Each structure stands twice: as structure tokens, then as C-alpha cells.
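First the structure, in the form of C-alpha cells, and then the observations on it.
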Amino acid sequence: MSITAADVNKLRGITGAGMMDCKKALVEAEGDFEKAIEILRKKGQKVAANRSDRESSEGAVIAAVNADSTVGVIISLNCETDFVGKNEGFVKLATDLANQALNYADKDAFLASDFGGITVNEKLMEQTGVIGEKIEIGAFERLEGAFVNSYIHAGNRIATLVALSAKVEGGDEAARNVAMQAAAMAPIALDENGVDASIIEKEIEIAKDQLRAEGKPEAMLDNIAKGKIARFFKDNTLVNQDYIKEPSMNVAAYVKSVDTNLTVTGFRRAALA
């Protein structure tokens, strides 16, 4: 049977595959759209199998927040090259997937969810065949709170979420500013209570070794090391960091300047390698 340009365009609109790939799939499927779609998916599986050992460290990191500003997610749609990662269609797919991810509590449930009649996993396989690169979901971060806002850094390589303790006037800007802080300063935890004990122990030992090398008496090491750990918390925990837009106050103080009862209750950050 003859395959028309309209048929090819229709299949391309459904799958996002290239014109020639769509035409070949329709010819092989003898004009049956369902079979043609399956042929394209199988092509994706073959490409994925051949590229399973490739690094997918490029892509787009996208944050999305629900209409009530109470739930946010970050996903990274990973690929092999920055050329693909910057493509408008690729970024749109990442954005669509992030908006869908808002409905799911974990990555596995999200990957198994329906996305235009196929699962997210199947869509990724399909796009692997279309694009010719390994395509996968890397990061999946979720945050809930009384008020959640997001920030995506230019180029879609870093995205953050911040939750505040209440929805207040000026809270939208405050949460976004703190999300920008988290993107720029890459804190390892919200506050000192969120820092893993093994990290603290390691930092104490590093501080003590430095002090011994400086010739400090052993009896003084514990007290001096405590001061260095306090500095470590100030530099590496979000609410204790100097606020980048006004270094005379820390992030916790900045948030309280918006509302005296306001606090940061959580954050998430994801970035491409």
C-alpha cells in the first residue's frame, strides 16, 4: 500500500520520531499505526541495548511545583551530549515529564505511569530510538511543605526546591531567593542536625590533623576543632550560610525578615555532573 505524507506526519506527531524512521516503520507495518509505533519502540530497545554502557551525564534538570505550591519535584532527563540536552524538544519532554512526576511519590511509580498511552519507561525507550542516544531519568527528588517554590538555573543544569513553614506575603520571592541560594552554594543539609555523623567525625579528624601540623598542643585540639566544625556548619548548611544577596545575615535571618515566624523546612537540589 502507498504511505502518504499525511500518514508520516501523523506518526511523527505521535512518536516524535524522524520522518524517514516514521515512513520506514509504516511501510514495514503496512500502514498499521499501532504496529508502526511498536516497530519504533523496538528500534529504541535495540539502540538502548547497544548504548547501555554509555555515559548519560548531559541533559536537562527541571523542577515543577503543583498548583497549591505544596509539592515540588525535580527530575533530570539525561542524555549523552549537550547538543541533545539543549534541544527545545528535549527540554519540553523533560518539562512534561516533571509535571507528570508531581503525581508520584517515587521514581519507580513515575517510570511505570502512563504517558500518552505508553509508560514513561517506554517513552524513554522510544526516544532513545528517535534520538540515537541513551535517554534515562537520573535524579528524582520530591519535596512537600506548607509552601514550596522552585528555581531552575540557566541552561537547565541545576534545579532546586525550597519549602517554607507557611504561606505568607512575600513568601514566594523569599522561597525563590533561598532556592537560588541552594543552587549557587550547594549546601549538604538544611541545618547541622541534617549532617551525617560520619561527615562530622571526618571533618573533626581533618581539623585535628591540620592543628597538629601547625604545632598546636594536643590538649587544645578538641576545643579548637569545635570552632572549625561550627564554621563547617556555617559554610555547608543552608539556613546557616551567609545569604548571598545580603551577607550581613544568614539565610535563616533573611527568611525571618520576611515574617518573624517563617522558617525553611526543607530543600532539594539536583545537578548534572
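Quick note on naming: the chains in the C-alpha cells go A, B, ... in the order shown, residues restart at 1 in each chain, and ligands are numbered from 1 in order of appearance.
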Write out as an mmCIF file with N, CA and C atoms, in the first residue's frame which residues come within 7 Å of region 97-102 of chain A when counting only C-alpha atoms, dropping same-chain ones fewer than 6 positions away.
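And here is the file that came out, out25.cif:
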data_model
loop_
_atom_site.group_PDB
_atom_site.id
_atom_site.type_symbol
_atom_site.label_atom_id
_atom_site.label_comp_id
_atom_site.auth_asym_id
_atom_site.auth_seq_id
_atom_site.Cartn_x
_atom_site.Cartn_y
_atom_site.Cartn_z
ATOM 1 N N ILE A 62 14.912 19.682 35.549
ATOM 2 C CA ILE A 62 13.697 20.501 35.583
ATOM 3 C C ILE A 62 12.988 20.346 36.924
ATOM 4 N N ALA A 63 12.564 21.470 37.491
ATOM 5 C CA ALA A 63 11.757 21.468 38.713
ATOM 6 C C ALA A 63 10.334 21.875 38.364
ATOM 7 N N ALA A 64 9.372 21.280 39.057
ATOM 8 C CA ALA A 64 7.964 21.627 38.873
ATOM 9 C C ALA A 64 7.290 21.666 40.236
ATOM 10 N N ASN A 66 3.291 21.979 42.181
ATOM 11 C CA ASN A 66 1.858 21.850 41.916
ATOM 12 C C ASN A 66 1.124 23.181 42.096
ATOM 13 N N GLY A 72 6.628 19.775 45.322
ATOM 14 C CA GLY A 72 7.533 20.043 44.216
ATOM 15 C C GLY A 72 8.339 18.812 43.869
ATOM 16 N N VAL A 73 8.753 18.714 42.623
ATOM 17 C CA VAL A 73 9.633 17.627 42.198
ATOM 18 C C VAL A 73 10.745 18.189 41.320
ATOM 19 N N ILE A 74 11.849 17.472 41.308
ATOM 20 C CA ILE A 74 12.927 17.724 40.350
ATOM 21 C C ILE A 74 13.229 16.403 39.660
ATOM 22 N N ILE A 75 13.306 16.435 38.335
ATOM 23 C CA ILE A 75 13.821 15.281 37.609
ATOM 24 C C ILE A 75 14.944 15.746 36.695
ATOM 25 N N PHE A 110 6.673 6.561 39.087
ATOM 26 C CA PHE A 110 6.677 7.523 37.985
ATOM 27 C C PHE A 110 7.044 6.848 36.671
#
- Contacts of Ile188 (chain A) at 10 Å or less, counting only C-alpha atoms, minus same-chain residues fewer than 2 places along, as a ChimeraX atom specification? /A:182,185-186,190-192,194-196,233,235-238,268-269
- Item | strand (DSSP E or B) positions in region 67-189 of chain A, given as a PyMOL selection string | chain A and resi 71-79+114-115+118-119+136-144+147-152+158-164+189
Write the selection just made, keeping C-alpha atoms, as a JSON list (two decimals), in the first residue's frame?
[["chain", "number", "residue", "atom", "x", "y", "z"],
["A", 71, "VAL", "CA", 4.50, 19.71, 46.44],
["A", 72, "GLY", "CA", 7.53, 20.04, 44.22],
["A", 73, "VAL", "CA", 9.63, 17.63, 42.20],
["A", 74, "ILE", "CA", 12.93, 17.72, 40.35],
["A", 75, "ILE", "CA", 13.82, 15.28, 37.61],
["A", 76, "SER", "CA", 16.80, 15.11, 35.33],
["A", 77, "LEU", "CA", 16.23, 13.75, 31.84],
["A", 78, "ASN", "CA", 19.69, 12.52, 30.95],
["A", 79, "CYS", "CA", 21.31, 12.03, 27.55],
["A", 114, "ASP", "CA", 1.02, 6.21, 31.74],
["A", 115, "PHE", "CA", 2.43, 8.88, 29.43],
["A", 118, "ILE", "CA", 2.65, 4.19, 26.99],
["A", 119, "THR", "CA", 4.65, 4.12, 30.21],
["A", 136, "GLU", "CA", 17.07, 7.94, 31.02],
["A", 137, "ILE", "CA", 15.76, 9.55, 34.18],
["A", 138, "GLY", "CA", 18.61, 10.41, 36.51],
["A", 139, "ALA", "CA", 17.58, 12.43, 39.54],
["A", 140, "PHE", "CA", 14.12, 12.19, 41.07],
["A", 141, "GLU", "CA", 13.63, 14.48, 44.07],
["A", 142, "ARG", "CA", 10.35, 15.29, 45.80],
["A", 143, "LEU", "CA", 9.56, 17.87, 48.50],
["A", 144, "GLU", "CA", 6.36, 18.65, 50.38],
["A", 147, "PHE", "CA", 4.72, 26.47, 50.77],
["A", 148, "VAL", "CA", 7.10, 25.22, 48.07],
["A", 149, "ASN", "CA", 8.85, 27.14, 45.33],
["A", 150, "SER", "CA", 11.50, 26.24, 42.77],
["A", 151, "TYR", "CA", 14.42, 27.58, 40.80],
["A", 152, "ILE", "CA", 15.97, 26.31, 37.55],
["A", 158, "ILE", "CA", 20.80, 22.74, 38.18],
["A", 159, "ALA", "CA", 17.36, 22.87, 39.80],
["A", 160, "THR", "CA", 16.28, 23.35, 43.40],
["A", 161, "LEU", "CA", 13.18, 23.25, 45.59],
["A", 162, "VAL", "CA", 12.65, 25.04, 48.90],
["A", 163, "ALA", "CA", 9.83, 24.58, 51.41],
["A", 164, "LEU", "CA", 8.80, 27.25, 53.92],
["A", 189, "ALA", "CA", 21.99, 19.73, 54.56]]
Report as a PDB file with C-alpha atoms, in the first residue's frame all protein, DNA and RNA residues lying within 12 Å of region 123-127 of chain A, evaluated on only C-alpha atoms, omitting residues in the same chain fewer than 6 positions from it.
ATOM      1  CA  ARG A  12       5.755  11.684  13.684  1.00  0.00           C
ATOM      2  CA  ILE A  14       2.505  10.703  17.903  1.00  0.00           C
ATOM      3  CA  THR A  15       6.061   9.473  18.471  1.00  0.00           C
ATOM      4  CA  GLY A  16       8.412  12.377  17.768  1.00  0.00           C
ATOM      5  CA  ALA A  17      10.468  10.103  15.515  1.00  0.00           C
ATOM      6  CA  GLY A  18      12.190  11.358  12.365  1.00  0.00           C
ATOM      7  CA  ASP A  21      12.065   6.444  10.500  1.00  0.00           C
ATOM      8  CA  ALA A  36       4.423   1.121  13.326  1.00  0.00           C
ATOM      9  CA  ILE A  37       4.602   2.561  16.828  1.00  0.00           C
ATOM     10  CA  GLU A  38       5.678  -0.840  18.153  1.00  0.00           C
ATOM     11  CA  ILE A  39       8.376  -1.060  15.461  1.00  0.00           C
ATOM     12  CA  LEU A  40       9.752   2.311  16.544  1.00  0.00           C
ATOM     13  CA  ARG A  41       9.755   1.223  20.202  1.00  0.00           C
ATOM     14  CA  LYS A  42      11.627  -1.964  19.340  1.00  0.00           C
ATOM     15  CA  LYS A  43      14.140   0.125  17.449  1.00  0.00           C
ATOM     16  CA  GLY A  44      14.576   2.120  20.653  1.00  0.00           C
ATOM     17  CA  GLN A  45      15.216  -1.075  22.605  1.00  0.00           C
ATOM     18  CA  LYS A  46      17.907  -2.109  20.119  1.00  0.00           C
ATOM     19  CA  VAL A  47      19.574   1.295  20.323  1.00  0.00           C
ATOM     20  CA  ALA A  48      19.341   1.236  24.118  1.00  0.00           C
ATOM     21  CA  ALA A  49      20.938  -2.217  24.286  1.00  0.00           C
ATOM     22  CA  ARG A  51      24.381   2.055  24.162  1.00  0.00           C
ATOM     23  CA  SER A  52      23.785   0.659  27.654  1.00  0.00           C
ATOM     24  CA  LEU A  77      16.234  13.753  31.842  1.00  0.00           C
ATOM     25  CA  ASN A  78      19.693  12.519  30.952  1.00  0.00           C
ATOM     26  CA  CYS A  79      21.307  12.035  27.551  1.00  0.00           C
ATOM     27  CA  VAL A  84      20.711  16.948  22.579  1.00  0.00           C
ATOM     28  CA  GLY A  89      12.036  19.358  22.003  1.00  0.00           C
ATOM     29  CA  PHE A  90      14.165  17.512  24.568  1.00  0.00           C
ATOM     30  CA  LEU A  93       9.809  16.487  27.058  1.00  0.00           C
ATOM     31  CA  ALA A  94      11.742  16.909  30.327  1.00  0.00           C
ATOM     32  CA  ASP A  96       6.264  17.449  30.552  1.00  0.00           C
ATOM     33  CA  LEU A  97       7.775  14.541  32.478  1.00  0.00           C
ATOM     34  CA  PHE A 110       6.677   7.523  37.985  1.00  0.00           C
ATOM     35  CA  LEU A 111       8.541   5.364  35.447  1.00  0.00           C
ATOM     36  CA  ALA A 112       5.643   2.884  35.394  1.00  0.00           C
ATOM     37  CA  SER A 113       2.981   5.595  34.947  1.00  0.00           C
ATOM     38  CA  ASP A 114       1.024   6.207  31.741  1.00  0.00           C
ATOM     39  CA  PHE A 115       2.426   8.878  29.433  1.00  0.00           C
ATOM     40  CA  GLY A 116       0.336   9.348  26.318  1.00  0.00           C
ATOM     41  CA  GLY A 117      -0.735   5.712  26.122  1.00  0.00           C
ATOM     42  CA  GLU A 133      21.436   8.420  22.381  1.00  0.00           C
ATOM     43  CA  LYS A 134      20.946   6.764  25.746  1.00  0.00           C
ATOM     44  CA  ILE A 135      17.980   8.557  27.373  1.00  0.00           C
ATOM     45  CA  GLU A 136      17.071   7.942  31.016  1.00  0.00           C
ATOM     46  CA  ILE A 137      15.760   9.553  34.182  1.00  0.00           C
ATOM     47  CA  GLY A 138      18.611  10.408  36.514  1.00  0.00           C
TER      48      GLY A 138
END
- Message: Considering only C-alpha atoms, can you say which of A:Glu80, A:Glu203, A:Glu246, A:Glu34 comes closest to Arg54 (chain A)?
- Response: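 Ranked by minimum distance to Arg54 (chain A), first place goes to A:Glu80.
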- Please indicate the distance in Å from CA of Ser198 (chain A) to CA of Phe267 (chain A), rounded to one decimal place.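 A separation of 21.2 Å between them.
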